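Participant: Quick one, work34.pdb (PDB, C-alpha atoms and all ligand atoms):
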```pdb
ATOM      1  CA  MET A   1     -35.102   1.224 -34.801  1.00  0.00           C
ATOM      2  CA  SER A   2     -34.339  -1.766 -36.985  1.00  0.00           C
ATOM      3  CA  ASP A   3     -36.103  -5.055 -36.370  1.00  0.00           C
ATOM      4  CA  VAL A   4     -34.482  -6.697 -33.331  1.00  0.00           C
ATOM      5  CA  THR A   5     -34.898 -10.179 -34.790  1.00  0.00           C
ATOM      6  CA  THR A   6     -32.728  -9.154 -37.732  1.00  0.00           C
ATOM      7  CA  VAL A   7     -30.205  -7.526 -35.408  1.00  0.00           C
ATOM      8  CA  LYS A   8     -30.184 -10.612 -33.188  1.00  0.00           C
ATOM      9  CA  ARG A   9     -29.517 -12.884 -36.146  1.00  0.00           C
ATOM     10  CA  ALA A  10     -26.723 -10.608 -37.389  1.00  0.00           C
ATOM     11  CA  LEU A  11     -25.132 -10.594 -33.921  1.00  0.00           C
ATOM     12  CA  GLU A  12     -25.370 -14.379 -33.624  1.00  0.00           C
ATOM     13  CA  ASP A  13     -23.831 -14.845 -37.080  1.00  0.00           C
ATOM     14  CA  ARG A  14     -21.009 -12.501 -36.179  1.00  0.00           C
ATOM     15  CA  ARG A  15     -20.469 -14.376 -32.902  1.00  0.00           C
ATOM     16  CA  ASN A  16     -20.224 -17.676 -34.805  1.00  0.00           C
ATOM     17  CA  VAL A  17     -17.614 -16.225 -37.149  1.00  0.00           C
ATOM     18  CA  LEU A  18     -15.623 -14.869 -34.193  1.00  0.00           C
ATOM     19  CA  SER A  19     -15.807 -18.136 -32.210  1.00  0.00           C
ATOM     20  CA  THR A  20     -14.525 -20.080 -35.212  1.00  0.00           C
ATOM     21  CA  LYS A  21     -11.731 -17.548 -35.648  1.00  0.00           C
ATOM     22  CA  ALA A  22     -10.806 -17.675 -31.944  1.00  0.00           C
ATOM     23  CA  GLU A  23     -10.739 -21.488 -32.053  1.00  0.00           C
ATOM     24  CA  GLU A  24      -8.503 -21.464 -35.128  1.00  0.00           C
ATOM     25  CA  ILE A  25      -6.110 -19.041 -33.442  1.00  0.00           C
ATOM     26  CA  GLU A  26      -6.139 -21.158 -30.293  1.00  0.00           C
ATOM     27  CA  GLY A  27      -5.314 -24.221 -32.419  1.00  0.00           C
ATOM     28  CA  THR A  28      -2.426 -22.418 -34.117  1.00  0.00           C
ATOM     29  CA  LEU A  29      -1.060 -21.234 -30.773  1.00  0.00           C
ATOM     30  CA  ARG A  30      -1.097 -24.772 -29.390  1.00  0.00           C
ATOM     31  CA  THR A  31       0.853 -26.179 -32.345  1.00  0.00           C
ATOM     32  CA  PRO A  32       4.338 -27.132 -31.091  1.00  0.00           C
ATOM     33  CA  GLY A  33       6.998 -24.609 -32.063  1.00  0.00           C
ATOM     34  CA  ASN A  34       9.872 -25.060 -34.478  1.00  0.00           C
ATOM     35  CA  PRO A  35      13.017 -26.491 -32.789  1.00  0.00           C
ATOM     36  CA  ASP A  36      15.268 -23.932 -34.515  1.00  0.00           C
ATOM     37  CA  PHE A  37      15.851 -21.039 -32.099  1.00  0.00           C
ATOM     38  CA  ALA A  38      15.672 -18.251 -34.704  1.00  0.00           C
ATOM     39  CA  GLU A  39      12.450 -19.709 -36.023  1.00  0.00           C
ATOM     40  CA  GLN A  40      11.133 -19.906 -32.469  1.00  0.00           C
ATOM     41  CA  ALA A  41      11.782 -16.206 -31.921  1.00  0.00           C
ATOM     42  CA  THR A  42       9.867 -15.394 -35.090  1.00  0.00           C
ATOM     43  CA  GLU A  43       7.083 -17.690 -34.011  1.00  0.00           C
ATOM     44  CA  ALA A  44       6.934 -16.072 -30.576  1.00  0.00           C
ATOM     45  CA  GLU A  45       6.388 -12.698 -32.236  1.00  0.00           C
ATOM     46  CA  GLY A  46       3.702 -14.245 -34.424  1.00  0.00           C
ATOM     47  CA  ASP A  47       2.113 -15.768 -31.308  1.00  0.00           C
ATOM     48  CA  GLU A  48       1.869 -12.336 -29.707  1.00  0.00           C
ATOM     49  CA  VAL A  49       0.057 -11.040 -32.783  1.00  0.00           C
ATOM     50  CA  LEU A  50      -2.238 -14.073 -32.713  1.00  0.00           C
ATOM     51  CA  GLU A  51      -2.904 -13.648 -29.000  1.00  0.00           C
ATOM     52  CA  GLY A  52      -3.859 -10.042 -29.678  1.00  0.00           C
ATOM     53  CA  LEU A  53      -6.237 -11.172 -32.416  1.00  0.00           C
ATOM     54  CA  GLU A  54      -7.655 -13.847 -30.154  1.00  0.00           C
ATOM     55  CA  SER A  55      -8.279 -11.465 -27.274  1.00  0.00           C
ATOM     56  CA  SER A  56      -9.913  -8.907 -29.565  1.00  0.00           C
ATOM     57  CA  ALA A  57     -12.156 -11.665 -30.973  1.00  0.00           C
ATOM     58  CA  LEU A  58     -13.030 -12.803 -27.428  1.00  0.00           C
ATOM     59  CA  LEU A  59     -13.697  -9.208 -26.386  1.00  0.00           C
ATOM     60  CA  GLU A  60     -16.056  -8.709 -29.319  1.00  0.00           C
ATOM     61  CA  ILE A  61     -17.821 -11.987 -28.455  1.00  0.00           C
ATOM     62  CA  ALA A  62     -18.341 -10.676 -24.908  1.00  0.00           C
ATOM     63  CA  GLN A  63     -19.738  -7.403 -26.314  1.00  0.00           C
ATOM     64  CA  ILE A  64     -22.056  -9.357 -28.628  1.00  0.00           C
ATOM     65  CA  ASN A  65     -23.263 -11.501 -25.701  1.00  0.00           C
ATOM     66  CA  ALA A  66     -23.976  -8.326 -23.742  1.00  0.00           C
ATOM     67  CA  ALA A  67     -25.874  -6.871 -26.729  1.00  0.00           C
ATOM     68  CA  LEU A  68     -27.923 -10.080 -27.041  1.00  0.00           C
ATOM     69  CA  ALA A  69     -28.725  -9.851 -23.316  1.00  0.00           C
ATOM     70  CA  ARG A  70     -29.894  -6.242 -23.854  1.00  0.00           C
ATOM     71  CA  ILE A  71     -32.134  -7.435 -26.700  1.00  0.00           C
ATOM     72  CA  GLU A  72     -33.600 -10.025 -24.301  1.00  0.00           C
ATOM     73  CA  ASN A  73     -34.331  -7.514 -21.544  1.00  0.00           C
ATOM     74  CA  GLY A  74     -35.538  -4.820 -23.931  1.00  0.00           C
ATOM     75  CA  THR A  75     -32.786  -2.266 -23.334  1.00  0.00           C
ATOM     76  CA  TYR A  76     -31.034  -2.779 -26.677  1.00  0.00           C
ATOM     77  CA  GLY A  77     -30.323   0.540 -28.372  1.00  0.00           C
ATOM     78  CA  GLU A  78     -30.087   2.475 -25.102  1.00  0.00           C
ATOM     79  CA  CYS A  79     -26.705   3.768 -24.002  1.00  0.00           C
ATOM     80  CA  THR A  80     -25.556   1.718 -20.972  1.00  0.00           C
ATOM     81  CA  THR A  81     -23.959   4.842 -19.502  1.00  0.00           C
ATOM     82  CA  CYS A  82     -26.440   7.716 -19.995  1.00  0.00           C
ATOM     83  CA  GLY A  83     -29.577   5.863 -21.184  1.00  0.00           C
ATOM     84  CA  ASP A  84     -29.941   7.976 -24.320  1.00  0.00           C
ATOM     85  CA  PRO A  85     -30.536   6.232 -27.652  1.00  0.00           C
ATOM     86  CA  VAL A  86     -27.299   4.854 -29.095  1.00  0.00           C
ATOM     87  CA  GLY A  87     -28.487   5.983 -32.510  1.00  0.00           C
ATOM     88  CA  GLU A  88     -29.509   3.994 -35.564  1.00  0.00           C
ATOM     89  CA  ASP A  89     -26.500   5.028 -37.644  1.00  0.00           C
ATOM     90  CA  ARG A  90     -24.138   3.890 -34.932  1.00  0.00           C
ATOM     91  CA  LEU A  91     -25.988   0.602 -34.402  1.00  0.00           C
ATOM     92  CA  ALA A  92     -25.982   0.017 -38.150  1.00  0.00           C
ATOM     93  CA  SER A  93     -22.190   0.145 -38.228  1.00  0.00           C
ATOM     94  CA  VAL A  94     -21.565  -1.324 -34.732  1.00  0.00           C
ATOM     95  CA  PRO A  95     -24.567  -3.526 -33.832  1.00  0.00           C
ATOM     96  CA  HIS A  96     -23.050  -4.489 -30.463  1.00  0.00           C
ATOM     97  CA  ALA A  97     -22.391  -0.855 -29.446  1.00  0.00           C
ATOM     98  CA  ALA A  98     -23.220  -0.456 -25.743  1.00  0.00           C
ATOM     99  CA  GLN A  99     -22.761   3.298 -25.535  1.00  0.00           C
ATOM    100  CA  CYS A 100     -23.840   6.321 -27.516  1.00  0.00           C
ATOM    101  CA  ILE A 101     -21.122   8.055 -29.503  1.00  0.00           C
ATOM    102  CA  THR A 102     -20.780  10.766 -26.829  1.00  0.00           C
ATOM    103  CA  CYS A 103     -20.119   8.310 -23.982  1.00  0.00           C
ATOM    104  CA  ALA A 104     -18.009   5.992 -26.173  1.00  0.00           C
ATOM    105  CA  SER A 105     -15.672   8.835 -27.190  1.00  0.00           C
ATOM    106  CA  ARG A 106     -15.258  10.090 -23.642  1.00  0.00           C
TER     107      ARG A 106
HETATM  108 ZN    ZN B 201     -24.391   7.793 -23.561  1.00  0.00          ZN
END
```
When written as structure tokens, how does the structure in this file appear?
Ligand SMILES: [Zn+2]
Facilitator:
Amino acid sequence: MSDVTTVKRALEDRRNVLSTKAEEIEGTLRTPGNPDFAEQATEAEGDEVLEGLESSALLEIAQINAALARIENGTYGECTTCGDPVGEDRLASVPHAAQCITCASR
């Protein structure tokens, strides 16, 4: 198991990056649209893409918060579904992973 302090810092850094990104997207979405109708249609499509990016950023933030809570209560690294170890390799690539690969791929 890697040092939780290091993991915690990595998760917090990642959360900062995501919050900044989500705020930027939010700012872009709130910018008044172009008065030209054709441009508006294009912008609406772009907005949908941005909304998707924003919700995936917000989802990852929620997962990071949950991972930080697991670090606090000492259950970090345990699968939230079956209780088995999530696995170091998996945590190395997805530090906020809540489930082991078996449960996650179910
Ligand atoms: Zn599991």
Participant: Where does the PyMOL selection byres (((not hetatm)) within 6 of (chain B and resi 201)) land in this file, that is, which residues does it pick, as a compact mmCIF listing (two decimals) with C-alpha atoms, in the frame of the given file?
Facilitator:
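Now in result-v4.txt:
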```
# COMPACT_ATOMS: atom_id res chain seq x y z
CA CYS A 79 -26.70 3.77 -24.00
CA THR A 81 -23.96 4.84 -19.50
CA CYS A 82 -26.44 7.72 -20.00
CA ASP A 84 -29.94 7.98 -24.32
CA GLN A 99 -22.76 3.30 -25.54
CA CYS A 100 -23.84 6.32 -27.52
CA THR A 102 -20.78 10.77 -26.83
CA CYS A 103 -20.12 8.31 -23.98
```
Participant: Using only C-alpha atoms, pick whichever of A:Leu50, A:Val4, A:Gln63, A:Leu58 has the shortest atom-to-atom distance to Gly27 (chain A).
Facilitator: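 Under the stated criterion, the closest residue is A:Leu50.
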Participant: Record the distance separating CA of Val94 (chain A) and CA of Glu26 (chain A), expressed in Å with one decimal.
Facilitator: 25.5 Å
Participant: Which residue, A:Glu51, A:Asp13, A:Glu78, A:Glu88, has the smallest gap to Arg30 (chain A) when you use all atoms listed in the file?
Facilitator: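 Among the listed residues, A:Glu51 lies closest to Arg30 (chain A).
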Participant: Let me know the residues the PyMOL selection byres (((chain A and resi 11) around 9) and not hetatm) catches in the file above, as a list of chain:residue names.
Facilitator: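 Checked against the file, the PyMOL selection byres (((chain A and resi 11) around 9) and not hetatm) matches A:Thr6, A:Val7, A:Lys8, A:Arg9, A:Ala10, A:Glu12, A:Asp13, A:Arg14, A:Arg15, A:Asn16, A:Ile64, A:Asn65, A:Ala67, A:Leu68, A:Pro95, A:His96.
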Participant: Suppose you want the space between CA of Lys21 (chain A) and CA of Glu60 (chain A); what is it in Å?
Facilitator: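 It comes out at 11.7 Å.
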